[in-house]
Amino acid sequence: MVTSNSSLLKTALFIDSVVSFISGIALLLFSKAIAGFLGLSASWIVLVVGVIAILYGIEVYLAARAEPVHMGIARFAAYGNLAGALGIAVLVFANLVPFTTAGKWTVALAADAVLVLAIFQHAGLRRLAR
């Protein structure tokens with residue numbers, strides 16, 4: 001049973017898990033094309049990110065499905081998403097990775113989406129703490 005206090009957190013975790021899993025599958029299936037689009041010379045990097053995204057998606061899904069929500073994994077997701085979004089911003093804006101222009105925009109937009117998830121997850125955690 002989902003209580004009203006945990007529904008925001010559960011919803012944010014479910015969305016995070018589905019998006020991560022689907023993104024991971026796409027990264028695995030189209031690693032060479034995605035690497036070329038982003039401007040990465042090594043497609044294995046995209047493969048590794050894809051595997052991590054799939055495993056993360058499964059773990060977050062299981063945490064969101066649990067009754068009560070697995071708070072440790074929920075915190076990991078919220079703070080990990082925040083750290084990931086900030087890390088991506090540093091990579092893009094400091095030119096630490098030679099992304100193409102389209103790659104920079106794509107990665108920056110993905111970071112924005114990750115940040116939005118982090119905000120909703122954090123709000124859900126705060127709601128539960130009350």
# chains A, B, ... in the order shown; residues from 1 in each chain; ligands from 1
call {"tool": "residues_around", "arguments": {"residues": "range 103-113 of chain A", "least_positions_apart": "4", "cutoff": "7 Å", "atoms": "only C-alpha atoms", "output": "ChimeraX atom specification"}}
result
/A:37-39,85,88-89,92,99,117
call {"tool": "write_last_selection", "arguments": {"atoms": "N, CA and C atoms", "output": "PDB file, in the first residue's frame"}}
result
ATOM      1  N   PHE A  37      27.859  10.046 -32.335  1.00  0.00           N
ATOM      2  CA  PHE A  37      27.036  11.243 -32.207  1.00  0.00           C
ATOM      3  C   PHE A  37      27.575  12.175 -31.123  1.00  0.00           C
ATOM      4  N   LEU A  38      27.998  11.572 -29.996  1.00  0.00           N
ATOM      5  CA  LEU A  38      28.514  12.370 -28.884  1.00  0.00           C
ATOM      6  C   LEU A  38      29.920  12.895 -29.132  1.00  0.00           C
ATOM      7  N   GLY A  39      30.646  12.214 -30.037  1.00  0.00           N
ATOM      8  CA  GLY A  39      32.025  12.619 -30.303  1.00  0.00           C
ATOM      9  C   GLY A  39      33.048  11.814 -29.520  1.00  0.00           C
ATOM     10  N   ALA A  85      24.298  14.858 -12.180  1.00  0.00           N
ATOM     11  CA  ALA A  85      23.958  16.057 -12.953  1.00  0.00           C
ATOM     12  C   ALA A  85      25.060  17.112 -12.835  1.00  0.00           C
ATOM     13  N   ILE A  88      28.174  15.892 -14.805  1.00  0.00           N
ATOM     14  CA  ILE A  88      27.989  16.052 -16.250  1.00  0.00           C
ATOM     15  C   ILE A  88      28.159  17.518 -16.629  1.00  0.00           C
ATOM     16  N   ALA A  89      27.634  18.415 -15.816  1.00  0.00           N
ATOM     17  CA  ALA A  89      27.783  19.847 -16.103  1.00  0.00           C
ATOM     18  C   ALA A  89      29.262  20.234 -16.143  1.00  0.00           C
ATOM     19  N   VAL A  92      30.829  18.903 -19.392  1.00  0.00           N
ATOM     20  CA  VAL A  92      30.394  19.643 -20.583  1.00  0.00           C
ATOM     21  C   VAL A  92      30.986  21.050 -20.602  1.00  0.00           C
ATOM     22  N   PHE A  99      33.154  16.357 -26.572  1.00  0.00           N
ATOM     23  CA  PHE A  99      31.831  16.137 -27.158  1.00  0.00           C
ATOM     24  C   PHE A  99      31.660  16.997 -28.406  1.00  0.00           C
ATOM     25  N   LEU A 117      14.758  14.768 -11.636  1.00  0.00           N
ATOM     26  CA  LEU A 117      14.475  13.550 -10.858  1.00  0.00           C
ATOM     27  C   LEU A 117      15.042  13.665  -9.460  1.00  0.00           C
TER      28      LEU A 117
END
call {"tool": "residues_around", "arguments": {"residues": "Leu125 in chain A", "least_positions_apart": "5", "cutoff": "10 Å", "atoms": "only C-alpha atoms", "output": "PyMOL selection string"}}
result
chain A and resi 5-6+8-10+71+74-75+78+119-120+130
call {"tool": "write_last_selection", "arguments": {"atoms": "all heavy atoms", "output": "CSV table (one decimal), in the first residue's frame"}}
result
chain,number,residue,atom,x,y,z
A,5,ASN,N,2.3,10.0,1.9
A,5,ASN,CA,3.7,10.6,2.1
A,5,ASN,C,4.7,10.0,1.2
A,5,ASN,O,5.7,10.6,0.9
A,5,ASN,CB,4.1,10.4,3.6
A,5,ASN,CG,3.4,11.4,4.5
A,5,ASN,OD1,2.8,12.3,4.0
A,5,ASN,ND2,3.6,11.2,5.8
A,6,SER,N,4.6,8.7,0.8
A,6,SER,CA,5.6,8.1,0.0
A,6,SER,C,5.3,8.1,-1.5
A,6,SER,O,6.1,7.6,-2.2
A,6,SER,CB,5.8,6.6,0.5
A,6,SER,OG,4.7,5.8,0.2
A,8,LEU,N,5.1,10.5,-3.8
A,8,LEU,CA,5.9,11.3,-4.6
A,8,LEU,C,7.3,10.6,-4.7
A,8,LEU,O,7.8,10.5,-5.9
A,8,LEU,CB,6.1,12.7,-3.9
A,8,LEU,CG,7.1,13.6,-4.6
A,8,LEU,CD1,6.7,13.9,-6.1
A,8,LEU,CD2,7.3,14.9,-3.9
A,9,LEU,N,7.8,10.1,-3.7
A,9,LEU,CA,9.1,9.4,-3.7
A,9,LEU,C,9.0,8.1,-4.6
A,9,LEU,O,9.9,7.9,-5.5
A,9,LEU,CB,9.6,9.0,-2.3
A,9,LEU,CG,10.9,8.3,-2.2
A,9,LEU,CD1,12.1,9.1,-2.9
A,9,LEU,CD2,11.3,7.9,-0.8
A,10,LYS,N,8.0,7.3,-4.4
A,10,LYS,CA,7.8,6.1,-5.2
A,10,LYS,C,7.7,6.5,-6.7
A,10,LYS,O,8.3,5.8,-7.5
A,10,LYS,CB,6.6,5.3,-4.7
A,10,LYS,CG,6.8,4.5,-3.5
A,10,LYS,CD,5.6,3.7,-3.2
A,10,LYS,CE,5.8,2.7,-2.1
A,10,LYS,NZ,6.4,1.5,-2.6
A,71,MET,N,14.8,3.1,2.0
A,71,MET,CA,15.3,4.5,2.2
A,71,MET,C,16.7,4.7,1.8
A,71,MET,O,17.1,5.7,1.2
A,71,MET,CB,15.0,5.0,3.6
A,71,MET,CG,13.6,5.1,4.0
A,71,MET,SD,12.6,6.1,2.9
A,71,MET,CE,13.3,7.7,3.3
A,74,ALA,N,16.8,4.9,-1.9
A,74,ALA,CA,16.2,6.1,-2.3
A,74,ALA,C,17.1,7.3,-2.1
A,74,ALA,O,17.2,8.2,-3.0
A,74,ALA,CB,14.9,6.3,-1.5
A,75,ARG,N,17.8,7.3,-1.0
A,75,ARG,CA,18.8,8.4,-0.7
A,75,ARG,C,19.9,8.3,-1.8
A,75,ARG,O,20.4,9.4,-2.3
A,75,ARG,CB,19.3,8.4,0.7
A,75,ARG,CG,18.4,8.9,1.7
A,75,ARG,CD,19.1,8.9,3.1
A,75,ARG,NE,18.1,9.1,4.1
A,75,ARG,CZ,17.5,8.1,4.8
A,75,ARG,NH1,17.9,6.9,4.6
A,75,ARG,NH2,16.6,8.4,5.7
A,78,ALA,N,18.7,9.8,-5.0
A,78,ALA,CA,18.5,11.2,-5.0
A,78,ALA,C,19.9,11.9,-5.0
A,78,ALA,O,20.1,12.8,-5.8
A,78,ALA,CB,17.7,11.6,-3.8
A,119,ILE,N,15.6,16.3,-7.7
A,119,ILE,CA,14.7,17.3,-6.9
A,119,ILE,C,13.5,16.6,-6.4
A,119,ILE,O,13.1,16.7,-5.3
A,119,ILE,CB,14.4,18.5,-7.8
A,119,ILE,CG1,15.7,19.3,-8.0
A,119,ILE,CG2,13.3,19.4,-7.1
A,119,ILE,CD1,15.6,20.4,-9.1
A,120,PHE,N,12.8,15.9,-7.3
A,120,PHE,CA,11.6,15.2,-6.9
A,120,PHE,C,11.9,14.1,-5.9
A,120,PHE,O,11.1,13.9,-4.9
A,120,PHE,CB,10.8,14.6,-8.1
A,120,PHE,CG,10.0,15.7,-8.8
A,120,PHE,CD1,10.3,16.1,-10.0
A,120,PHE,CD2,8.8,16.2,-8.2
A,120,PHE,CE1,9.6,17.1,-10.7
A,120,PHE,CE2,8.0,17.1,-8.8
A,120,PHE,CZ,8.4,17.6,-10.1
A,130,ARG,N,8.9,14.1,7.5
A,130,ARG,CA,8.0,14.8,8.4
A,130,ARG,C,7.2,14.0,9.3
A,130,ARG,O,6.8,12.9,9.2
A,130,ARG,CB,7.0,15.7,7.5
A,130,ARG,CG,7.7,16.9,7.0
A,130,ARG,CD,6.6,17.8,6.5
A,130,ARG,NE,6.7,17.8,5.0
A,130,ARG,CZ,5.6,18.0,4.2
A,130,ARG,NH1,4.5,18.3,4.8
A,130,ARG,NH2,5.7,18.0,2.9
call {"tool": "closest_residue", "arguments": {"among": "A:Ala12, A:Val49, A:Asn95, A:Trp44", "to": "Ala26 in chain A", "atoms": "only C-alpha atoms"}}
result
A:Val49
call {"tool": "select_by_dssp", "arguments": {"residues": "chain A", "states": "helix (DSSP H, G or I)", "output": "JSON, numbers by chain"}}
result
{"A": [4, 5, 6, 7, 8, 9, 10, 11, 12, 13, 14, 15, 16, 17, 18, 19, 20, 21, 22, 23, 24, 25, 26, 27, 28, 29, 31, 32, 33, 34, 35, 36, 37, 38, 43, 44, 45, 46, 47, 48, 49, 50, 51, 52, 53, 54, 55, 56, 57, 58, 59, 60, 61, 62, 63, 64, 65, 71, 72, 73, 74, 75, 76, 77, 78, 79, 80, 81, 82, 83, 84, 85, 86, 87, 88, 89, 90, 91, 92, 93, 101, 102, 103, 104, 105, 106, 107, 108, 109, 110, 111, 112, 113, 114, 115, 116, 117, 118, 119, 120, 121, 122, 123, 124, 125, 126, 127, 128, 129]}
call {"tool": "residues_around", "arguments": {"residues": "Thr11 in chain A", "least_positions_apart": "2", "cutoff": "12 Å", "atoms": "only C-alpha atoms", "output": "PyMOL selection string"}}
result
chain A and resi 2-9+13-18+60-61+63-65+69+74+117+120-121+123-125
call {"tool": "atom_distance", "arguments": {"atom1": "CA of Leu28 in chain A", "atom2": "CA of Leu115 in chain A"}}
result
23.2 Å
call {"tool": "closest_residue", "arguments": {"among": "A:Phe21, A:Phe30, A:Tyr56, A:Tyr79", "to": "His122 in chain A", "atoms": "only C-alpha atoms"}}
result
A:Tyr79
call {"tool": "closest_residue", "arguments": {"among": "A:Leu27, A:Leu91, A:Leu55, A:Val114", "to": "Ser43 in chain A", "atoms": "only C-alpha atoms"}}
result
A:Leu27
call {"tool": "closest_residue", "arguments": {"among": "A:Leu128, A:Ala94, A:Thr100, A:Ser20", "to": "Gly36 in chain A", "atoms": "only C-alpha atoms"}}
result
A:Thr100
call {"tool": "atom_distance", "arguments": {"atom1": "CA of Val116 in chain A", "atom2": "CA of Leu82 in chain A"}}
result
8.9 Å
call {"tool": "atom_distance", "arguments": {"atom1": "CA of Leu47 in chain A", "atom2": "CA of Gly84 in chain A"}}
result
17.5 Å
